[in-house]
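File shown here: input.cif, holding mmCIF, C-alpha atoms.
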data_entry
loop_
_atom_site.label_atom_id
_atom_site.label_comp_id
_atom_site.auth_asym_id
_atom_site.auth_seq_id
_atom_site.Cartn_x
_atom_site.Cartn_y
_atom_site.Cartn_z
CA MET A 1 -35.75 -24.95 -19.21
CA LEU A 2 -35.26 -23.13 -15.92
CA SER A 3 -38.12 -22.68 -13.49
CA THR A 4 -39.12 -19.12 -12.55
CA GLU A 5 -37.31 -19.42 -9.24
CA GLN A 6 -34.14 -20.80 -10.82
CA ALA A 7 -34.16 -18.11 -13.53
CA ALA A 8 -34.69 -15.36 -10.96
CA TYR A 9 -31.75 -16.58 -8.88
CA LYS A 10 -29.52 -16.89 -11.94
CA LEU A 11 -30.32 -13.38 -13.18
CA ALA A 12 -29.96 -11.96 -9.68
CA PHE A 13 -26.50 -13.46 -9.20
CA LEU A 14 -25.35 -12.36 -12.65
CA ILE A 15 -26.44 -8.80 -11.90
CA ALA A 16 -25.06 -8.94 -8.35
CA ASP A 17 -21.64 -10.03 -9.62
CA ALA A 18 -21.62 -7.28 -12.26
CA LEU A 19 -22.70 -4.57 -9.82
CA ILE A 20 -20.16 -5.56 -7.18
CA ARG A 21 -17.33 -5.75 -9.72
CA SER A 22 -18.34 -2.35 -11.10
CA GLY A 23 -18.13 -0.67 -7.68
CA SER A 24 -21.80 -0.49 -6.74
CA GLY A 25 -22.60 0.14 -3.10
CA SER A 26 -24.51 -2.23 -0.85
CA ALA A 27 -27.70 -0.16 -0.92
CA SER A 28 -28.08 0.07 -4.70
CA THR A 29 -27.06 -3.57 -5.18
CA THR A 30 -29.65 -4.73 -2.65
CA LYS A 31 -32.43 -2.66 -4.19
CA SER A 32 -31.61 -3.86 -7.72
CA LEU A 33 -31.71 -7.52 -6.64
CA LEU A 34 -34.98 -7.11 -4.76
CA SER A 35 -36.55 -5.55 -7.86
CA ILE A 36 -35.86 -8.79 -9.77
CA PHE A 37 -37.69 -10.94 -7.22
CA GLN A 38 -40.54 -8.46 -6.97
CA LYS A 39 -40.89 -8.55 -10.76
CA THR A 40 -41.00 -12.36 -10.78
CA GLU A 41 -43.54 -12.27 -7.93
CA MET A 42 -41.44 -14.32 -5.53
CA PRO A 43 -42.62 -13.40 -2.00
CA ASN A 44 -40.64 -13.22 1.23
CA VAL A 45 -37.21 -12.70 -0.31
CA THR A 46 -34.42 -11.17 1.78
CA VAL A 47 -31.18 -9.87 0.29
CA SER A 48 -28.02 -9.18 2.27
CA VAL A 49 -24.96 -7.56 0.68
CA SER A 50 -21.68 -7.27 2.55
CA LEU A 51 -18.86 -6.02 0.34
CA GLY A 52 -18.02 -9.04 -1.86
CA GLN A 53 -20.68 -11.45 -0.57
CA VAL A 54 -24.37 -11.61 -1.49
CA THR A 55 -26.84 -13.75 0.46
CA ILE A 56 -30.37 -14.31 -0.87
CA SER A 57 -33.01 -16.12 1.19
CA HIS A 58 -36.46 -17.14 -0.02
CA GLN A 59 -39.27 -18.47 2.16
CA GLU A 60 -42.34 -19.56 0.20
CA GLU A 61 -44.61 -19.85 3.25
CA PRO A 62 -44.14 -18.52 6.80
CA ASP A 63 -43.75 -22.06 8.22
CA ASP A 64 -41.42 -23.30 5.48
CA ALA A 65 -37.67 -23.58 5.91
CA PRO A 66 -35.98 -20.77 3.97
CA SER A 67 -33.86 -21.51 0.90
CA THR A 68 -30.59 -19.57 1.09
CA ARG A 69 -27.96 -19.09 -1.60
CA ILE A 70 -24.66 -17.23 -1.40
CA LEU A 71 -22.52 -15.57 -4.06
CA GLU A 72 -18.89 -14.56 -3.60
CA SER A 73 -17.59 -11.82 -5.91
CA GLU A 74 -14.49 -9.62 -6.01
CA PRO A 75 -15.38 -5.99 -5.23
CA ALA A 76 -13.76 -3.30 -7.35
CA THR A 77 -13.67 0.48 -7.48
CA LEU A 78 -15.65 1.53 -10.55
CA ASP A 79 -16.38 0.22 -14.03
CA ILE A 80 -18.59 2.71 -15.85
CA GLY A 81 -19.21 0.52 -18.88
CA LEU A 82 -20.16 -2.58 -16.88
CA ARG A 83 -22.30 -0.55 -14.47
CA THR A 84 -24.18 1.15 -17.32
CA GLU A 85 -24.78 -2.01 -19.36
CA THR A 86 -25.94 -3.90 -16.28
CA GLY A 87 -28.38 -1.11 -15.49
CA GLU A 88 -29.72 -1.18 -19.03
CA VAL A 89 -30.38 -4.94 -18.87
CA LEU A 90 -32.11 -4.59 -15.51
CA GLU A 91 -34.20 -1.69 -16.81
CA SER A 92 -35.27 -3.65 -19.87
CA PHE A 93 -36.28 -6.62 -17.71
CA ILE A 94 -38.23 -4.52 -15.21
CA LEU A 95 -40.08 -2.69 -17.99
CA ASP A 96 -40.92 -5.97 -19.85
CA ARG A 97 -38.72 -5.21 -22.84
CA LEU A 98 -36.82 -8.43 -22.11
CA THR A 99 -38.02 -11.76 -20.80
CA ILE A 100 -36.05 -13.24 -17.94
CA GLU A 101 -34.38 -15.72 -20.30
CA GLU A 102 -33.35 -12.89 -22.65
CA ALA A 103 -32.08 -10.86 -19.70
CA ILE A 104 -29.92 -13.80 -18.56
CA ARG A 105 -28.41 -14.14 -22.03
CA GLU A 106 -27.75 -10.39 -22.20
CA MET A 107 -26.03 -10.45 -18.81
CA GLU A 108 -23.89 -13.42 -19.73
CA GLU A 109 -22.68 -11.49 -22.79
CA VAL A 110 -22.07 -8.33 -20.73
CA THR A 111 -20.14 -10.29 -18.11
CA ALA A 112 -17.99 -12.07 -20.69
CA LYS A 113 -17.15 -8.78 -22.40
CA SER A 114 -16.28 -7.08 -19.11
CA ARG A 115 -13.54 -9.63 -18.38
CA VAL A 116 -11.48 -8.19 -21.25
CA ILE A 117 -9.43 -5.36 -19.74
CA GLY A 118 -8.05 -2.61 -22.00
CA HIS A 119 -4.78 -1.93 -20.23
CA ARG A 120 -3.61 0.70 -22.72
CA LEU A 121 -6.59 2.97 -22.18
CA THR A 122 -6.45 2.37 -18.43
CA ALA A 123 -2.76 3.33 -18.36
CA MET A 124 -3.65 6.44 -20.37
CA GLY A 125 -6.26 7.29 -17.75
CA PHE A 126 -3.67 6.99 -14.99
CA ALA A 127 -1.30 9.20 -16.98
CA MET A 128 -4.07 11.82 -16.99
CA PHE A 129 -4.27 11.36 -13.20
CA GLY A 130 -0.59 12.26 -12.97
CA VAL A 131 -0.98 15.38 -15.13
CA GLY A 132 -4.12 16.51 -13.29
CA PHE A 133 -2.85 16.09 -9.75
CA SER A 134 0.47 17.73 -10.64
CA LEU A 135 -1.39 20.79 -11.95
CA ILE A 136 -3.53 20.90 -8.81
CA LEU A 137 -0.39 20.74 -6.63
CA GLY A 138 1.33 23.51 -8.56
CA GLY A 139 3.84 21.30 -10.34
CA GLY A 140 5.95 22.73 -13.13
CA LEU A 141 6.05 21.56 -16.73
CA VAL A 142 8.81 18.99 -16.18
CA SER A 143 7.16 17.61 -13.04
CA THR A 144 3.77 17.38 -14.75
CA ILE A 145 5.11 15.48 -17.75
CA SER A 146 7.17 13.24 -15.47
CA ALA A 147 4.12 12.56 -13.28
CA ALA A 148 2.17 11.38 -16.32
CA PHE A 149 4.80 8.79 -17.27
CA ILE A 150 5.34 7.73 -13.64
CA ALA A 151 1.60 7.28 -13.03
CA ALA A 152 1.30 5.11 -16.14
CA ALA A 153 4.34 3.09 -15.03
CA VAL A 154 2.84 2.63 -11.56
CA TYR A 155 -0.35 1.20 -13.05
CA THR A 156 1.61 -1.05 -15.41
CA VAL A 157 3.71 -2.52 -12.60
CA TYR A 158 0.61 -2.91 -10.44
CA ALA A 159 -1.22 -4.78 -13.24
CA LEU A 160 1.77 -7.05 -13.88
CA VAL A 161 2.03 -8.02 -10.20
CA VAL A 162 -1.74 -8.60 -10.05
CA ARG A 163 -1.40 -11.07 -12.94
CA THR A 164 0.87 -13.21 -10.75
CA GLN A 165 -2.09 -13.48 -8.32
CA ALA A 166 -0.03 -11.94 -5.54
CA PRO A 167 -1.93 -10.37 -2.63
CA MET A 168 -3.16 -6.86 -3.39
CA ILE A 169 -0.93 -5.23 -0.80
CA PHE A 170 2.19 -6.44 -2.66
CA SER A 171 0.88 -5.04 -5.94
CA LEU A 172 0.36 -1.67 -4.30
CA ALA A 173 3.78 -1.79 -2.65
CA ALA A 174 5.35 -2.44 -6.05
CA GLY A 175 3.48 0.58 -7.38
CA GLY A 176 4.72 2.80 -4.56
CA PHE A 177 8.29 1.64 -5.12
CA THR A 178 7.96 2.35 -8.85
CA ALA A 179 6.80 5.92 -8.12
CA VAL A 180 9.97 6.63 -6.13
CA ILE A 181 12.23 5.15 -8.82
CA GLY A 182 10.43 7.19 -11.47
CA ALA A 183 10.80 10.40 -9.46
CA CYS A 184 14.54 9.69 -9.02
CA ILE A 185 15.02 9.16 -12.75
CA SER A 186 13.19 12.43 -13.48
CA GLY A 187 15.30 14.29 -10.92
CA LEU A 188 18.47 12.78 -12.33
CA PHE A 189 17.83 14.12 -15.85
CA PHE A 190 15.96 17.35 -15.04
CA SER A 191 17.13 19.74 -12.33
CA THR A 192 13.72 21.47 -12.22
CA SER A 193 11.85 18.25 -11.44
CA GLN A 194 10.00 18.12 -8.11
CA PRO A 195 10.28 14.54 -6.77
CA ALA A 196 7.64 14.96 -4.07
CA VAL A 197 5.13 16.32 -6.58
CA CYS A 198 5.90 13.48 -9.02
CA ILE A 199 5.37 10.82 -6.34
CA VAL A 200 2.20 12.30 -4.86
CA ALA A 201 0.66 13.08 -8.27
CA SER A 202 1.27 9.53 -9.50
CA LEU A 203 -0.13 7.92 -6.34
CA ALA A 204 -2.86 10.36 -5.26
CA ALA A 205 -5.60 8.39 -7.01
CA TRP A 206 -4.69 5.28 -5.00
CA LEU A 207 -4.46 6.97 -1.60
CA ALA A 208 -7.59 6.63 0.57
CA GLY A 209 -9.95 8.35 -1.83
CA ILE A 210 -12.82 6.41 -3.36
CA ALA A 211 -12.71 3.59 -0.81
CA ALA A 212 -12.95 6.17 1.98
CA TYR A 213 -16.05 7.68 0.35
CA GLY A 214 -17.63 4.26 0.00
CA ALA A 215 -16.91 3.46 3.65
CA VAL A 216 -18.49 6.66 4.95
CA HIS A 217 -21.49 6.16 2.65
CA ASP A 218 -22.08 2.63 3.98
CA VAL A 219 -21.72 3.82 7.59
CA ILE A 220 -24.26 6.61 7.15
CA THR A 221 -26.77 4.36 5.36
CA GLY A 222 -26.41 1.61 7.95
CA TRP A 223 -24.35 -1.00 6.09
CA TYR A 224 -21.79 -1.44 8.84
CA LEU A 225 -20.30 -4.75 7.73
CA SER A 226 -19.60 -3.42 4.24
CA ALA A 227 -18.25 -0.22 5.76
CA SER A 228 -15.82 -2.20 7.93
CA GLY A 229 -14.55 -4.03 4.86
CA ARG A 230 -14.06 -0.78 2.97
CA ILE A 231 -12.22 0.80 5.90
CA LEU A 232 -9.88 -2.19 6.03
CA ASP A 233 -9.41 -1.79 2.28
CA VAL A 234 -8.37 1.84 2.83
CA VAL A 235 -5.90 0.84 5.53
CA THR A 236 -4.46 -2.04 3.48
CA SER A 237 -4.12 0.03 0.30
CA THR A 238 -2.43 2.89 2.12
CA ALA A 239 -0.13 0.51 3.98
CA GLY A 240 0.95 -1.17 0.74
CA LEU A 241 1.68 2.10 -1.03
CA VAL A 242 3.51 3.55 1.95
CA ALA A 243 5.60 0.39 2.36
CA GLY A 244 6.72 0.59 -1.27
CA VAL A 245 7.47 4.32 -1.08
CA THR A 246 9.35 3.91 2.20
CA LEU A 247 11.49 1.12 0.79
CA GLY A 248 12.21 3.19 -2.30
CA ILE A 249 13.23 6.24 -0.28
CA HIS A 250 15.50 4.21 2.00
CA LEU A 251 17.24 2.68 -1.02
CA MET A 252 17.50 5.85 -3.10
CA GLN A 253 18.37 8.44 -0.46
CA PRO A 254 21.95 7.20 0.10
CA ILE A 255 22.48 7.38 -3.67
CA PHE A 256 20.98 10.80 -4.36
CA GLY A 257 21.62 12.42 -0.98
CA GLU A 258 19.61 15.14 0.73
CA ASP A 259 19.18 17.13 -2.49
CA MET A 260 16.36 14.81 -3.55
CA ASN A 261 13.30 15.98 -1.59
CA PHE A 262 11.06 12.94 -1.50
CA ILE A 263 8.80 14.35 1.21
CA GLU A 264 7.75 17.96 1.50
CA THR A 265 4.65 19.87 2.51
CA LEU A 266 2.39 20.15 -0.52
CA GLU A 267 -0.88 22.04 -0.76
CA MET A 268 -3.44 22.67 -3.45
CA ASP A 269 -2.33 25.71 -5.44
CA ASP A 270 -5.31 28.07 -5.23
CA THR A 271 -3.48 30.96 -6.87
CA ARG A 272 -3.64 29.44 -10.36
CA TRP A 273 -7.34 28.86 -10.85
CA GLY A 274 -7.07 28.01 -14.52
CA LEU A 275 -4.46 25.31 -14.00
CA SER A 276 -6.22 23.91 -10.92
CA VAL A 277 -9.53 23.65 -12.79
CA LEU A 278 -7.74 22.11 -15.79
CA GLY A 279 -6.09 19.66 -13.39
CA ALA A 280 -9.50 18.69 -11.98
CA VAL A 281 -10.82 18.15 -15.52
CA MET A 282 -7.86 15.88 -16.27
CA VAL A 283 -8.27 13.90 -13.04
CA SER A 284 -12.02 13.32 -13.49
CA ALA A 285 -11.66 12.53 -17.19
CA GLY A 286 -8.72 10.23 -16.40
CA PHE A 287 -10.72 8.38 -13.77
CA ALA A 288 -13.62 8.06 -16.21
CA LEU A 289 -11.29 6.73 -18.92
CA ALA A 290 -9.59 4.27 -16.54
CA SER A 291 -13.04 3.14 -15.36
CA GLY A 292 -14.41 2.42 -18.82
CA GLY A 293 -15.97 5.79 -19.65
CA ARG A 294 -15.87 6.73 -23.31
CA GLY A 295 -16.98 9.48 -25.68
CA TRP A 296 -19.32 12.23 -24.55
CA LYS A 297 -19.74 10.69 -21.11
CA LEU A 298 -15.99 10.92 -20.48
CA ALA A 299 -15.96 14.59 -21.59
CA ALA A 300 -19.03 15.42 -19.51
CA LEU A 301 -17.60 13.91 -16.32
CA GLY A 302 -14.29 15.70 -16.89
CA LEU A 303 -15.99 19.08 -17.29
CA PHE A 304 -18.22 18.33 -14.29
CA GLY A 305 -15.13 17.66 -12.15
CA GLY A 306 -13.64 20.97 -13.29
CA ALA A 307 -16.86 22.80 -12.40
CA VAL A 308 -16.82 21.34 -8.88
CA MET A 309 -13.22 22.51 -8.44
CA LEU A 310 -14.15 25.99 -9.72
CA LEU A 311 -17.04 26.18 -7.25
CA MET A 312 -14.80 25.14 -4.36
CA LEU A 313 -12.15 27.75 -5.26
CA SER A 314 -14.82 30.44 -5.61
CA LEU A 315 -16.25 29.65 -2.19
CA ALA A 316 -12.79 29.64 -0.60
CA THR A 317 -12.03 33.03 -2.13
CA ALA A 318 -15.32 34.37 -0.76
CA GLY A 319 -13.87 34.04 2.73
CA ILE A 320 -15.31 30.81 4.12
CA SER A 321 -12.99 28.12 5.46
CA SER A 322 -11.54 25.53 3.12
CA TYR A 323 -13.47 22.75 4.87
CA ALA A 324 -16.76 24.61 4.50
CA ALA A 325 -15.98 25.29 0.83
CA ILE A 326 -15.32 21.59 0.23
CA LEU A 327 -18.51 20.63 2.10
CA VAL A 328 -20.72 23.04 0.12
CA ALA A 329 -19.13 22.07 -3.21
CA SER A 330 -19.63 18.36 -2.50
CA ILE A 331 -23.28 18.96 -1.48
CA ALA A 332 -23.88 20.69 -4.80
CA ALA A 333 -22.07 17.91 -6.67
CA GLY A 334 -24.13 15.20 -4.95
CA ALA A 335 -27.40 16.95 -5.76
CA VAL A 336 -26.49 17.53 -9.41
CA CYS A 337 -25.35 13.91 -9.82
CA VAL A 338 -28.78 12.71 -8.73
CA VAL A 339 -30.56 15.11 -11.07
CA LEU A 340 -28.35 14.04 -13.98
CA THR A 341 -28.75 10.31 -13.31
CA ARG A 342 -30.95 9.74 -16.34
CA ALA A 343 -29.01 12.10 -18.64
CA LEU A 344 -25.67 10.43 -17.82
CA ASN A 345 -27.24 6.96 -17.60
CA MET A 346 -25.13 6.42 -14.48
CA ALA A 347 -26.00 5.87 -10.85
CA SER A 348 -25.36 9.04 -8.86
CA ASN A 349 -22.80 7.33 -6.63
CA ALA A 350 -20.71 6.41 -9.68
CA SER A 351 -20.67 9.89 -11.19
CA LEU A 352 -20.07 11.46 -7.77
CA MET A 353 -16.96 9.33 -7.25
CA VAL A 354 -15.55 10.63 -10.51
CA VAL A 355 -16.19 14.33 -9.99
CA LEU A 356 -15.06 14.45 -6.34
CA LEU A 357 -11.78 12.60 -6.87
CA PRO A 358 -9.75 15.80 -7.57
CA LEU A 359 -10.64 17.04 -4.08
CA PHE A 360 -9.76 13.89 -2.15
CA PRO A 361 -6.75 14.41 0.14
CA GLY A 362 -4.26 11.88 -1.26
CA MET A 363 -1.39 14.32 -0.80
CA LEU A 364 -2.29 14.84 2.87
CA VAL A 365 -2.42 11.09 3.48
CA TYR A 366 1.01 10.75 1.87
CA GLN A 367 2.50 13.59 3.93
CA GLY A 368 0.92 12.43 7.16
CA VAL A 369 1.92 8.77 7.00
CA LEU A 370 5.38 9.27 5.46
CA GLY A 371 6.02 12.23 7.73
CA THR A 372 5.29 10.08 10.78
CA ILE A 373 7.66 7.34 9.56
CA PHE A 374 10.49 9.78 8.85
CA GLY A 375 9.86 12.00 11.89
CA MET A 376 8.86 15.19 10.05
CA ASP A 377 7.15 18.08 11.79
CA GLY A 378 3.48 18.58 11.02
CA ALA A 379 2.79 14.95 10.12
CA ASN A 380 -0.04 14.63 12.63
CA ASP A 381 -1.59 17.85 11.34
CA SER A 382 -1.57 16.48 7.79
CA SER A 383 -3.24 13.26 8.91
CA LEU A 384 -5.94 15.17 10.79
CA GLU A 385 -6.51 17.51 7.85
CA ALA A 386 -6.83 14.51 5.52
CA THR A 387 -9.42 12.90 7.80
CA ILE A 388 -11.52 16.08 8.06
CA THR A 389 -11.33 16.71 4.31
CA ALA A 390 -12.40 13.16 3.46
CA PHE A 391 -15.28 13.42 5.94
CA CYS A 392 -16.46 16.75 4.49
CA LEU A 393 -16.37 15.34 0.96
CA SER A 394 -18.20 12.15 1.89
CA MET A 395 -20.77 13.80 4.15
CA GLY A 396 -21.42 16.61 1.69
CA GLY A 397 -21.80 14.29 -1.28
CA ILE A 398 -24.21 12.02 0.57
CA LEU A 399 -26.21 14.97 1.93
CA GLY A 400 -26.55 16.42 -1.56
CA GLN A 401 -27.70 13.05 -2.89
CA TYR A 402 -30.19 12.68 -0.05
CA LEU A 403 -31.76 16.11 -0.48
CA ALA A 404 -32.06 15.79 -4.25
CA SER A 405 -33.35 12.21 -4.14
CA GLU A 406 -36.02 13.07 -1.56
CA MET A 407 -37.21 15.92 -3.78
CA LEU A 408 -37.43 13.54 -6.75
CA TRP A 409 -39.21 10.89 -4.68
CA ALA A 410 -41.71 13.52 -3.45
CA SER A 411 -42.41 14.52 -7.04
CA ARG A 412 -42.74 10.86 -8.07
CA ARG A 413 -45.09 10.14 -5.15
CA LYS A 414 -47.32 13.06 -6.13
CA GLN A 415 -47.41 11.87 -9.75
CA PHE A 416 -48.14 8.28 -8.70
CA THR A 417 -50.95 9.31 -6.32
CA HIS A 418 -52.55 11.36 -9.08
CA ASN A 419 -52.42 8.48 -11.57
CA HIS A 420 -53.27 5.69 -9.10
CA PRO A 421 -55.41 7.16 -6.28
CA ASP A 422 -56.41 3.67 -5.11
CA ARG A 423 -52.81 2.48 -4.59
CA THR A 424 -50.11 3.23 -2.03
CA PHE A 425 -46.76 4.44 -3.34
CA ARG A 426 -43.59 2.71 -2.17
CA LYS A 427 -40.08 3.43 -3.38
CA GLU A 428 -39.28 -0.28 -3.61
CA MET A 429 -42.06 -1.20 -6.06
CA ALA A 430 -40.77 -3.14 -9.05
CA ASP A 431 -43.48 -1.93 -11.43
CA GLU A 432 -42.41 1.70 -11.29
CA GLU A 433 -42.46 2.85 -14.91
CA ASN A 434 -39.24 4.88 -14.74
CA PHE A 435 -35.89 3.23 -14.23
CA SER A 436 -34.44 6.41 -12.75
CA ASP A 437 -36.42 5.51 -9.64
CA ILE A 438 -34.21 2.43 -9.31
CA MET A 439 -31.03 4.41 -9.98
CA VAL A 440 -31.88 7.23 -7.56
CA PRO A 441 -30.44 6.34 -4.13
CA ILE A 442 -32.70 5.35 -1.26
CA PHE A 443 -31.48 6.15 2.24
CA SER A 444 -33.32 3.54 4.26
CA LYS A 445 -32.58 0.14 5.78
CA PRO A 446 -33.35 -2.69 5.92
CA PHE A 447 -34.49 -3.48 2.39
CA THR A 448 -37.24 -6.09 2.48
CA GLN A 449 -40.15 -7.06 0.28
#

Could you spell out this file's structure in structure tokens?
Amino acid sequence: MLSTEQAAYKLAFLIADALIRSGSGSASTTKSLLSIFQKTEMPNVTVSVSLGQVTISHQEEPDDAPSTRILESEPATLDIGLRTETGEVLESFILDRLTIEEAIREMEEVTAKSRVIGHRLTAMGFAMFGVGFSLILGGGLVSTISAAFIAAAVYTVYALVVRTQAPMIFSLAAGGFTAVIGACISGLFFSTSQPAVCIVASLAAWLAGIAAYGAVHDVITGWYLSASGRILDVVTSTAGLVAGVTLGIHLMQPIFGEDMNFIETLEMDDTRWGLSVLGAVMVSAGFALASGGRGWKLAALGLFGGAVMLLMLSLATAGISSYAAILVASIAAGAVCVVLTRALNMASNASLMVVLLPLFPGMLVYQGVLGTIFGMDGANDSSLEATITAFCLSMGGILGQYLASEMLWASRRKQFTHNHPDRTFRKEMADEENFSDIMVPIFSKPFTQ
């Protein structure tokens, strides 16, 4: 029989591991862990989250030496199923629907189930990435179909190399190399194939997108150590992909000659609204599928991503700059994600990652870095444009989340004051009788009891 302190630590580390592996940010992970110790009435607990490491310190009395425990976990991008089930267990524990022993057993089952990876559905999700990004880039029918198969092949090769326990950068390099080989095969059999579109569409989801958003989010909310780790992850991922693509181009160019355009200036095709919006739906739905989303939630996130793309295109047509259009669209997306937190049963950061992915500048990163290596004109402009676009998306999404969450907190504070006039409302209270308060982001630091 575990003591209260031992049980609280065990549940906290189970939930911390699940949240980190499901792509949760430092802020939401910290708040979730503190809610466990507040619920078990353990005073003077401090939680520190830095990318894949969680440190929990407990000091029973001010003069006592603190007890500190550390958990190492492997951070990942997003796992919708694991994130949702972990949230449900935490909610049930906070609201007294589960005892701490029952919550531990539930989390052990959730963790064991999450280790089983459905590679077929994940590969299908990446194939949808290829189709979606090709449509957004104006790819033709042959290029779009080719991009789907190439994207699935890239994921398959990546997963196979990961199984050998090779460093991540080598797995990504193998994926980049596979994309070039796939584009060459498509160009060899189909004269209308667009190699550059095939390569970019199959790799766009890997290129400095979600990790960049997470890095900017951690910087703005004050989690600088986690942000540094995410920035290094962006650099490493991009370097691995570019190394593989560069090797592939150097090997294939002498064989196929100058007729095979591996690198060319690509832009979002804003003349075909229907196809661009459909592409965004495919990208968001593909990301949701690859991240464990199923059923109505997958369809809802796909349609939400298409709506964000439609809003951005409408704003751009109205005459404002493309950067301003992206900023406004991402603000609206961030606000709606917070409002729909309970309906989707997903943290707003998770849903925001999915719906903004079609707008992230993977193609610009590809053109900028590869253009610099091969001495193409305009490479620096592409890199700068990618940086500004990523910043507008990240800043807009976070601003939308902040504005919406503050409105919800103000409403919650008013309700709490009316029901409990003798008590002081705090966002961090564990006995809040609505789990959406835990899921709604809090933009403050440090988190302490």

Item to check | Spatial neighbours of Ser48 of chain A, 12 Å, only C-alpha atoms, chain gap at least 5 places, as a PyMOL selection string | outcome: chain A and resi 16+26-34+53-58+68-71+223-226+445-448

Output for the residues just chosen: C-alpha atoms as a PDB file, keeping the file's coordinate frame:
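The result, written out as result.pdb:
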ATOM      1  CA  ALA A  16     -25.060  -8.940  -8.350  1.00  0.00           C
ATOM      2  CA  SER A  26     -24.510  -2.230  -0.850  1.00  0.00           C
ATOM      3  CA  ALA A  27     -27.700  -0.160  -0.920  1.00  0.00           C
ATOM      4  CA  SER A  28     -28.080   0.070  -4.700  1.00  0.00           C
ATOM      5  CA  THR A  29     -27.060  -3.570  -5.180  1.00  0.00           C
ATOM      6  CA  THR A  30     -29.650  -4.730  -2.650  1.00  0.00           C
ATOM      7  CA  LYS A  31     -32.430  -2.660  -4.190  1.00  0.00           C
ATOM      8  CA  SER A  32     -31.610  -3.860  -7.720  1.00  0.00           C
ATOM      9  CA  LEU A  33     -31.710  -7.520  -6.640  1.00  0.00           C
ATOM     10  CA  LEU A  34     -34.980  -7.110  -4.760  1.00  0.00           C
ATOM     11  CA  GLN A  53     -20.680 -11.450  -0.570  1.00  0.00           C
ATOM     12  CA  VAL A  54     -24.370 -11.610  -1.490  1.00  0.00           C
ATOM     13  CA  THR A  55     -26.840 -13.750   0.460  1.00  0.00           C
ATOM     14  CA  ILE A  56     -30.370 -14.310  -0.870  1.00  0.00           C
ATOM     15  CA  SER A  57     -33.010 -16.120   1.190  1.00  0.00           C
ATOM     16  CA  HIS A  58     -36.460 -17.140  -0.020  1.00  0.00           C
ATOM     17  CA  THR A  68     -30.590 -19.570   1.090  1.00  0.00           C
ATOM     18  CA  ARG A  69     -27.960 -19.090  -1.600  1.00  0.00           C
ATOM     19  CA  ILE A  70     -24.660 -17.230  -1.400  1.00  0.00           C
ATOM     20  CA  LEU A  71     -22.520 -15.570  -4.060  1.00  0.00           C
ATOM     21  CA  TRP A 223     -24.350  -1.000   6.090  1.00  0.00           C
ATOM     22  CA  TYR A 224     -21.790  -1.440   8.840  1.00  0.00           C
ATOM     23  CA  LEU A 225     -20.300  -4.750   7.730  1.00  0.00           C
ATOM     24  CA  SER A 226     -19.600  -3.420   4.240  1.00  0.00           C
ATOM     25  CA  LYS A 445     -32.580   0.140   5.780  1.00  0.00           C
ATOM     26  CA  PRO A 446     -33.350  -2.690   5.920  1.00  0.00           C
ATOM     27  CA  PHE A 447     -34.490  -3.480   2.390  1.00  0.00           C
ATOM     28  CA  THR A 448     -37.240  -6.090   2.480  1.00  0.00           C
TER      29      THR A 448
END

Next on the checklist: To one decimal place in Å, what is the distance between atom CA of Ser35 of chain A and atom CA of Phe13 of chain A?
Outcome noted: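 Result for atom CA of Ser35 of chain A versus atom CA of Phe13 of chain A: 12.9 Å, one decimal.
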
Checklist entry - What is the atom CA of Phe262 of chain A to atom CA of Ala148 of chain A distance in Å? => result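 Spanning atom CA of Phe262 of chain A to atom CA of Ala148 of chain A is a straight-line distance of 17.4 Å.
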
Next on the checklist: Give me the residues near Val197 of chain A as a PyMOL selection string, where near means some atom within 12 Å (using all atoms listed in the file) and where sequence neighbours in that chain fewer than 4 positions away do not count.
Outcome noted: chain A and resi 130-148+150-151+179-180+182-184+186-187+192-193+201-204+260-268+362-363+366-367

Checklist entry - When you draw a straight line from atom CA of Thr246 of chain A to atom CA of Gly371 of chain A, how long is it in Å? => result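 Atom CA of Thr246 of chain A sits 10.5 Å away from atom CA of Gly371 of chain A.
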
Checklist entry - Could you spell out the hits of the PyMOL selection byres ((chain A and resi 386) around 8) on the shown file, as number ranges by chain? => result A: 361-362, 364-365, 382-385, 387-390

Checklist entry - Applied to the shown file, which residues does the PyMOL selection byres ((chain A and resi 214-222) around 12) return, written as a PyMOL selection string? => result chain A and resi 23-28+49-51+75-78+208-213+223-235+349-350+352-353+387+390-399+401-402+441-447

When you look at Phe129 of chain A with a cut-off of 6 Å (counting only C-alpha atoms), what residues show up, excluding the ones that are within fewer than 3 positions of it in the same chain? I need them as an mmCIF file with C-alpha atoms, in the coordinates of the input.
data_model
loop_
_atom_site.group_PDB
_atom_site.id
_atom_site.type_symbol
_atom_site.label_atom_id
_atom_site.label_comp_id
_atom_site.auth_asym_id
_atom_site.auth_seq_id
_atom_site.Cartn_x
_atom_site.Cartn_y
_atom_site.Cartn_z
ATOM 1 C CA PHE A 126 -3.670 6.990 -14.990
ATOM 2 C CA GLY A 132 -4.120 16.510 -13.290
ATOM 3 C CA VAL A 283 -8.270 13.900 -13.040
ATOM 4 C CA GLY A 286 -8.720 10.230 -16.400
#

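Of the listed residues (A:Thr178, A:Ser171, A:Thr271, A:Thr46), A:Thr178 comes nearest to Val154 of chain A; the distances count all atoms listed in the file.
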
Next on the checklist: Could you check the closest approach to Val277 of chain A for each of A:Phe304, A:Tyr158, A:Tyr9, A:Phe256 and tell me which residue wins, using all atoms listed in the file?
Outcome noted: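 Among A:Phe304, A:Tyr158, A:Tyr9, A:Phe256, it is A:Phe304 that comes nearest to Val277 of chain A.
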